Amino acid sequence: MDMRRVVAFVAAVVVLAAVPAVAEAAVLPWHPCATQQEPAAECSAVDVPIDRAQPGLGSARLALARLPALDPAHRIGSLLVNPGGPGGSGVGFVQYGGLASPDLARLRERYDIVGFDPRGDWFSTPRITCDPATLYDPALDRFPATGPGFAALVAHNRAAGQDCLARTGPLLANADTQSAAEDIETIRAALGEAKISWLGLSYGTELGAVYASKHPDRVRTMVLDGAVDHARPLRRAILEEAAATEDALVRFADWCRGSADCALHGRDVLRFYDDVVARAGSGAVWSSELGRSATADEISAGVYNHLYIREEWPALGRALAAAGGEFPDAKGLTERNQFLSPIYGAYRAIGCHDFPSPFTGPADMGLMAGVLRIAAPHSWRYSEYWDFTSGCTGWPVPAKNPPQPHPVHGAPPILVVGGAHDPATPLAWARGLAASIDGATLLTRTDDGHTGLFNSACARAAEVDYLMSGRPPARGTVCR
């Protein structure tokens, strides 16, 4: 869900086309963006209340970027994109080629492609700001099973949250997805569109589903790819996601052992991985990118982030081999960590609103950590939901959007895409989300990687055909 992953692999995307045009929209003033790889990109901004129930808290300014339809005579409308996160930049996705693949040309022809940075993120202001050294401590035990260890985790997270609050102001307490979904409605009105289309990836599926739940009559088409089921109980979601990450790691290891394209070809890759993680746990794996030894959690997180894109697996093999070599350097893994990402503060703050800690104390957390190791015997050191919930244990800002159903009634057909081997969003989540949306179609992929848009030509084609025509694929469609 890290924006760096999205920008790094935009070349893997695809698309196709068809359908009648709707009214033109030009309420916002647009101007050429200052910096971008897309010369046609235009920028603007929309102001929204920080808290709609308390106007006195002031407003936030949301940054927007647009690629105008190349065939304005047959323009369908605006397609809003959210690349994930929480904390991903829609502005960056649009400006730096997120939909630049030739396969996506039909969307570019008929849609204004609109990216926005949600409240607190990237180019929107005020930005969620935290001291990186306070927010992330590599020496902190994120799996405490003792009273002192749990107290240290709580104290650290409380201090980190208070620091973010002092630097950010009242926006931090209102950086939840419910508030962000209402911001989308403000954007829609500012665009002058009666209805919008939506392409949401990963966390963008939760944001899109909440918007559709609130404003079903404002949706033309909606793709929810890499689905998050926000109604799922957190303890269940933690274990489901950990098992999905383990499945992806095992599949990578099987491929790597048998493929000449992998630097660890012919090796017992899981044993090699376990050895690298164990050595990192004792401080024996250097990272030239960090300028210090990498932790076991950082190694595991770096592997996890490489699993997102199937075409990245050869790079993962090289990075893992380098981390476990005679003169180890984990640079290839730690540079993919989100712990030190510029959006980690927003990621944490929004995550604590939407996925607050369920843990009541050290015994409870220790028991859950033990079950986690059973679900993910190799990859347990890092999964996103554990990162959320352990990082939110002691967080001082009350959660405004804890797990809850967001049923959608009265919207046109919505397309939900889930992967049987997605390392971040298990297929069970896609099934749960689709079941909460009246008339939704679930498209299942059986290949690897996170989201169909970045990993499956079949899923990409289905998504584009649906966005163009408004007609979802046949029920039960499977991309193999």
# chains A, B, ... in the order shown; residues from 1 in each chain; ligands from 1

call {"tool": "select_by_dssp", "arguments": {"residues": "segment 82-330 of chain A", "states": "strand (DSSP E or B)", "output": "number ranges by chain"}}
result
A: 82, 111-116, 125, 196-201, 219-225, 286-287, 292-293

call {"tool": "write_last_selection", "arguments": {"atoms": "N, CA, C and O atoms", "output": "tab-separated table (two decimals), in the first residue's frame"}}
result
chain	number	residue	atom	x	y	z
A	82	ASN	N	-7.52	6.20	-6.58
A	82	ASN	CA	-6.81	6.18	-5.31
A	82	ASN	C	-5.90	4.96	-5.30
A	82	ASN	O	-6.39	3.83	-5.38
A	111	TYR	N	-11.97	9.47	-20.44
A	111	TYR	CA	-12.16	9.98	-19.08
A	111	TYR	C	-11.20	11.13	-18.79
A	111	TYR	O	-10.05	11.13	-19.25
A	112	ASP	N	-11.66	12.09	-17.98
A	112	ASP	CA	-10.73	12.93	-17.23
A	112	ASP	C	-10.25	12.06	-16.06
A	112	ASP	O	-11.06	11.64	-15.22
A	113	ILE	N	-8.95	11.78	-16.00
A	113	ILE	CA	-8.39	10.99	-14.90
A	113	ILE	C	-8.02	11.96	-13.79
A	113	ILE	O	-7.19	12.86	-13.99
A	114	VAL	N	-8.62	11.79	-12.63
A	114	VAL	CA	-8.43	12.74	-11.53
A	114	VAL	C	-7.84	12.01	-10.33
A	114	VAL	O	-8.42	11.04	-9.82
A	115	GLY	N	-6.67	12.44	-9.90
A	115	GLY	CA	-6.07	11.94	-8.67
A	115	GLY	C	-6.13	13.02	-7.60
A	115	GLY	O	-6.06	14.21	-7.91
A	116	PHE	N	-6.26	12.60	-6.37
A	116	PHE	CA	-6.26	13.57	-5.26
A	116	PHE	C	-5.49	12.98	-4.10
A	116	PHE	O	-5.40	11.77	-3.95
A	125	THR	N	-2.79	20.00	2.38
A	125	THR	CA	-2.36	20.72	3.58
A	125	THR	C	-3.54	20.94	4.52
A	125	THR	O	-4.67	21.10	4.06
A	196	ILE	N	-19.59	10.14	-10.49
A	196	ILE	CA	-18.18	9.88	-10.73
A	196	ILE	C	-17.95	8.39	-10.93
A	196	ILE	O	-18.75	7.56	-10.50
A	197	SER	N	-16.86	8.07	-11.61
A	197	SER	CA	-16.36	6.71	-11.62
A	197	SER	C	-15.15	6.65	-10.70
A	197	SER	O	-14.50	7.67	-10.43
A	198	TRP	N	-14.85	5.44	-10.21
A	198	TRP	CA	-13.83	5.28	-9.17
A	198	TRP	C	-12.98	4.06	-9.48
A	198	TRP	O	-13.50	2.99	-9.81
A	199	LEU	N	-11.67	4.23	-9.36
A	199	LEU	CA	-10.73	3.12	-9.43
A	199	LEU	C	-9.91	3.15	-8.16
A	199	LEU	O	-9.03	4.00	-7.98
A	200	GLY	N	-10.21	2.23	-7.25
A	200	GLY	CA	-9.54	2.19	-5.95
A	200	GLY	C	-8.75	0.91	-5.79
A	200	GLY	O	-9.26	-0.18	-6.05
A	201	LEU	N	-7.50	1.05	-5.36
A	201	LEU	CA	-6.62	-0.08	-5.14
A	201	LEU	C	-6.34	-0.21	-3.64
A	201	LEU	O	-6.07	0.79	-2.97
A	219	VAL	N	-22.55	7.40	-7.89
A	219	VAL	CA	-21.59	6.48	-8.48
A	219	VAL	C	-22.05	6.09	-9.88
A	219	VAL	O	-23.20	5.67	-10.06
A	220	ARG	N	-21.18	6.22	-10.87
A	220	ARG	CA	-21.45	5.69	-12.20
A	220	ARG	C	-20.91	4.27	-12.33
A	220	ARG	O	-21.64	3.33	-12.63
A	221	THR	N	-19.59	4.12	-12.11
A	221	THR	CA	-18.95	2.81	-12.06
A	221	THR	C	-17.91	2.86	-10.94
A	221	THR	O	-17.41	3.94	-10.59
A	222	MET	N	-17.56	1.69	-10.40
A	222	MET	CA	-16.59	1.65	-9.31
A	222	MET	C	-15.86	0.32	-9.34
A	222	MET	O	-16.49	-0.75	-9.28
A	223	VAL	N	-14.52	0.38	-9.42
A	223	VAL	CA	-13.67	-0.80	-9.32
A	223	VAL	C	-12.99	-0.78	-7.95
A	223	VAL	O	-12.35	0.21	-7.59
A	224	LEU	N	-13.12	-1.89	-7.22
A	224	LEU	CA	-12.49	-2.05	-5.92
A	224	LEU	C	-11.55	-3.24	-6.03
A	224	LEU	O	-11.95	-4.39	-5.94
A	225	ASP	N	-10.26	-2.96	-6.24
A	225	ASP	CA	-9.27	-3.97	-6.61
A	225	ASP	C	-8.25	-4.14	-5.49
A	225	ASP	O	-7.56	-3.20	-5.11
A	286	TRP	N	24.05	-6.21	7.77
A	286	TRP	CA	24.25	-4.78	7.53
A	286	TRP	C	23.36	-4.30	6.40
A	286	TRP	O	23.03	-5.03	5.47
A	287	SER	N	22.94	-3.02	6.47
A	287	SER	CA	22.26	-2.36	5.37
A	287	SER	C	22.97	-1.06	5.05
A	287	SER	O	23.01	-0.15	5.90
A	292	ARG	N	23.39	1.08	9.11
A	292	ARG	CA	23.40	0.31	10.36
A	292	ARG	C	22.92	-1.10	10.04
A	292	ARG	O	22.53	-1.40	8.91
A	293	SER	N	22.92	-1.94	11.06
A	293	SER	CA	22.37	-3.28	10.89
A	293	SER	C	20.86	-3.20	10.74
A	293	SER	O	20.20	-2.39	11.39

call {"tool": "residues_around", "arguments": {"residues": "segment 460-464 of chain A", "least_positions_apart": "6", "cutoff": "12 Å", "atoms": "only C-alpha atoms", "output": "ChimeraX atom specification"}}
result
/A:12-19,79,99,101,103-111,197-201,221-225,414-417,441-445,451-454,470-474,477-479

call {"tool": "select_by_dssp", "arguments": {"residues": "segment 182-379 of chain A", "states": "alpha helix (DSSP H)", "output": "ChimeraX atom specification"}}
result
/A:182-191,203-214,234-258,269-281,296-306,313-323,331-334,344-354,362-375

call {"tool": "closest_residue", "arguments": {"among": "A:Pro39, A:Pro118, A:Gly88, A:Ala133", "to": "Leu64 of chain A", "atoms": "only C-alpha atoms"}}
result
A:Pro118

call {"tool": "closest_residue", "arguments": {"among": "A:Ile350, A:Ala294, A:Ala41, A:Val81", "to": "Ala69 of chain A", "atoms": "only C-alpha atoms"}}
result
A:Ala41

call {"tool": "residues_around", "arguments": {"residues": "Pro377 of chain A", "least_positions_apart": "2", "cutoff": "12 Å", "atoms": "only C-alpha atoms", "output": "JSON, numbers by chain"}}
result
{"A": [239, 242, 243, 244, 245, 246, 247, 249, 250, 270, 271, 273, 274, 369, 370, 371, 372, 373, 374, 375, 379, 380, 381, 382]}

call {"tool": "atom_distance", "arguments": {"atom1": "atom CA of Asp261 of chain A", "atom2": "atom CA of Gly418 of chain A"}}
result
27.3 Å

call {"tool": "residues_around", "arguments": {"residues": "Ala284 of chain A", "least_positions_apart": "6", "cutoff": "12 Å", "atoms": "only C-alpha atoms", "output": "ChimeraX atom specification"}}
result
/A:275-278,292-296,299,323-330

call {"tool": "residues_around", "arguments": {"residues": "Ala346 of chain A", "least_positions_apart": "2", "cutoff": "7 Å", "atoms": "only C-alpha atoms", "output": "NGL selection string"}}
result
:A and (87 or 120-121 or 128 or 343-344 or 348-350)

call {"tool": "write_last_selection", "arguments": {"atoms": "N, CA and C atoms", "output": "PDB file, in the first residue's frame"}}
result
ATOM      1  N   GLY A  87      -2.457   6.677   2.785  1.00  0.00           N
ATOM      2  CA  GLY A  87      -1.399   7.655   2.616  1.00  0.00           C
ATOM      3  C   GLY A  87      -0.858   7.754   1.212  1.00  0.00           C
ATOM      4  N   GLY A 120      -4.447  15.257   4.825  1.00  0.00           N
ATOM      5  CA  GLY A 120      -3.251  14.937   5.589  1.00  0.00           C
ATOM      6  C   GLY A 120      -2.124  14.329   4.800  1.00  0.00           C
ATOM      7  N   ASP A 121      -2.346  14.003   3.522  1.00  0.00           N
ATOM      8  CA  ASP A 121      -1.372  13.239   2.754  1.00  0.00           C
ATOM      9  C   ASP A 121      -0.606  14.101   1.751  1.00  0.00           C
ATOM     10  N   ILE A 128      -0.113  15.583   7.583  1.00  0.00           N
ATOM     11  CA  ILE A 128       0.183  14.863   8.822  1.00  0.00           C
ATOM     12  C   ILE A 128       1.695  14.807   8.975  1.00  0.00           C
ATOM     13  N   ILE A 343       5.459   8.806   4.075  1.00  0.00           N
ATOM     14  CA  ILE A 343       4.025   8.734   4.382  1.00  0.00           C
ATOM     15  C   ILE A 343       3.721   7.864   5.600  1.00  0.00           C
ATOM     16  N   TYR A 344       4.770   7.424   6.315  1.00  0.00           N
ATOM     17  CA  TYR A 344       4.501   6.505   7.426  1.00  0.00           C
ATOM     18  C   TYR A 344       3.673   7.162   8.526  1.00  0.00           C
ATOM     19  N   ARG A 348       0.174   5.609   9.632  1.00  0.00           N
ATOM     20  CA  ARG A 348      -0.112   5.246  11.025  1.00  0.00           C
ATOM     21  C   ARG A 348      -1.360   5.981  11.534  1.00  0.00           C
ATOM     22  N   ALA A 349      -1.440   7.276  11.299  1.00  0.00           N
ATOM     23  CA  ALA A 349      -2.544   8.064  11.845  1.00  0.00           C
ATOM     24  C   ALA A 349      -3.892   7.615  11.296  1.00  0.00           C
ATOM     25  N   ILE A 350      -3.974   7.422   9.967  1.00  0.00           N
ATOM     26  CA  ILE A 350      -5.225   6.962   9.365  1.00  0.00           C
ATOM     27  C   ILE A 350      -5.510   5.531   9.797  1.00  0.00           C
TER      28      ILE A 350
END

call {"tool": "residues_around", "arguments": {"residues": "segment 185-187 of chain A", "least_positions_apart": "6", "cutoff": "8 Å", "atoms": "only C-alpha atoms", "output": "mmCIF file with C-alpha atoms, in the first residue's frame"}}
result
data_model
loop_
_atom_site.group_PDB
_atom_site.id
_atom_site.type_symbol
_atom_site.label_atom_id
_atom_site.label_comp_id
_atom_site.auth_asym_id
_atom_site.auth_seq_id
_atom_site.Cartn_x
_atom_site.Cartn_y
_atom_site.Cartn_z
ATOM 1 C CA VAL A 46 -10.393 21.902 -3.082
ATOM 2 C CA VAL A 48 -12.861 20.882 2.921
ATOM 3 C CA TYR A 211 -18.178 6.694 -0.331
ATOM 4 C CA HIS A 215 -23.592 8.406 -1.759
#

call {"tool": "residues_around", "arguments": {"residues": "Pro407 of chain A", "least_positions_apart": "4", "cutoff": "8 Å", "atoms": "only C-alpha atoms", "output": "compact mmCIF listing (two decimals) with C-alpha atoms, in the first residue's frame"}}
result
# COMPACT_ATOMS: atom_id res chain seq x y z
CA SER A 213 -22.28 3.53 1.11
CA SER A 436 -21.94 -6.17 1.51
CA ILE A 437 -22.67 -4.41 -1.81
CA ASP A 438 -26.03 -5.00 -3.48

call {"tool": "atom_distance", "arguments": {"atom1": "atom CA of Gly161 of chain A", "atom2": "atom CA of Leu57 of chain A"}}
result
19.4 Å

call {"tool": "atom_distance", "arguments": {"atom1": "atom CA of Trp429 of chain A", "atom2": "atom CA of Arg232 of chain A"}}
result
7.9 Å

call {"tool": "closest_residue", "arguments": {"among": "A:Pro144, A:Gly77, A:Pro356, A:Gly204", "to": "Met368 of chain A", "atoms": "only C-alpha atoms"}}
result
A:Pro144
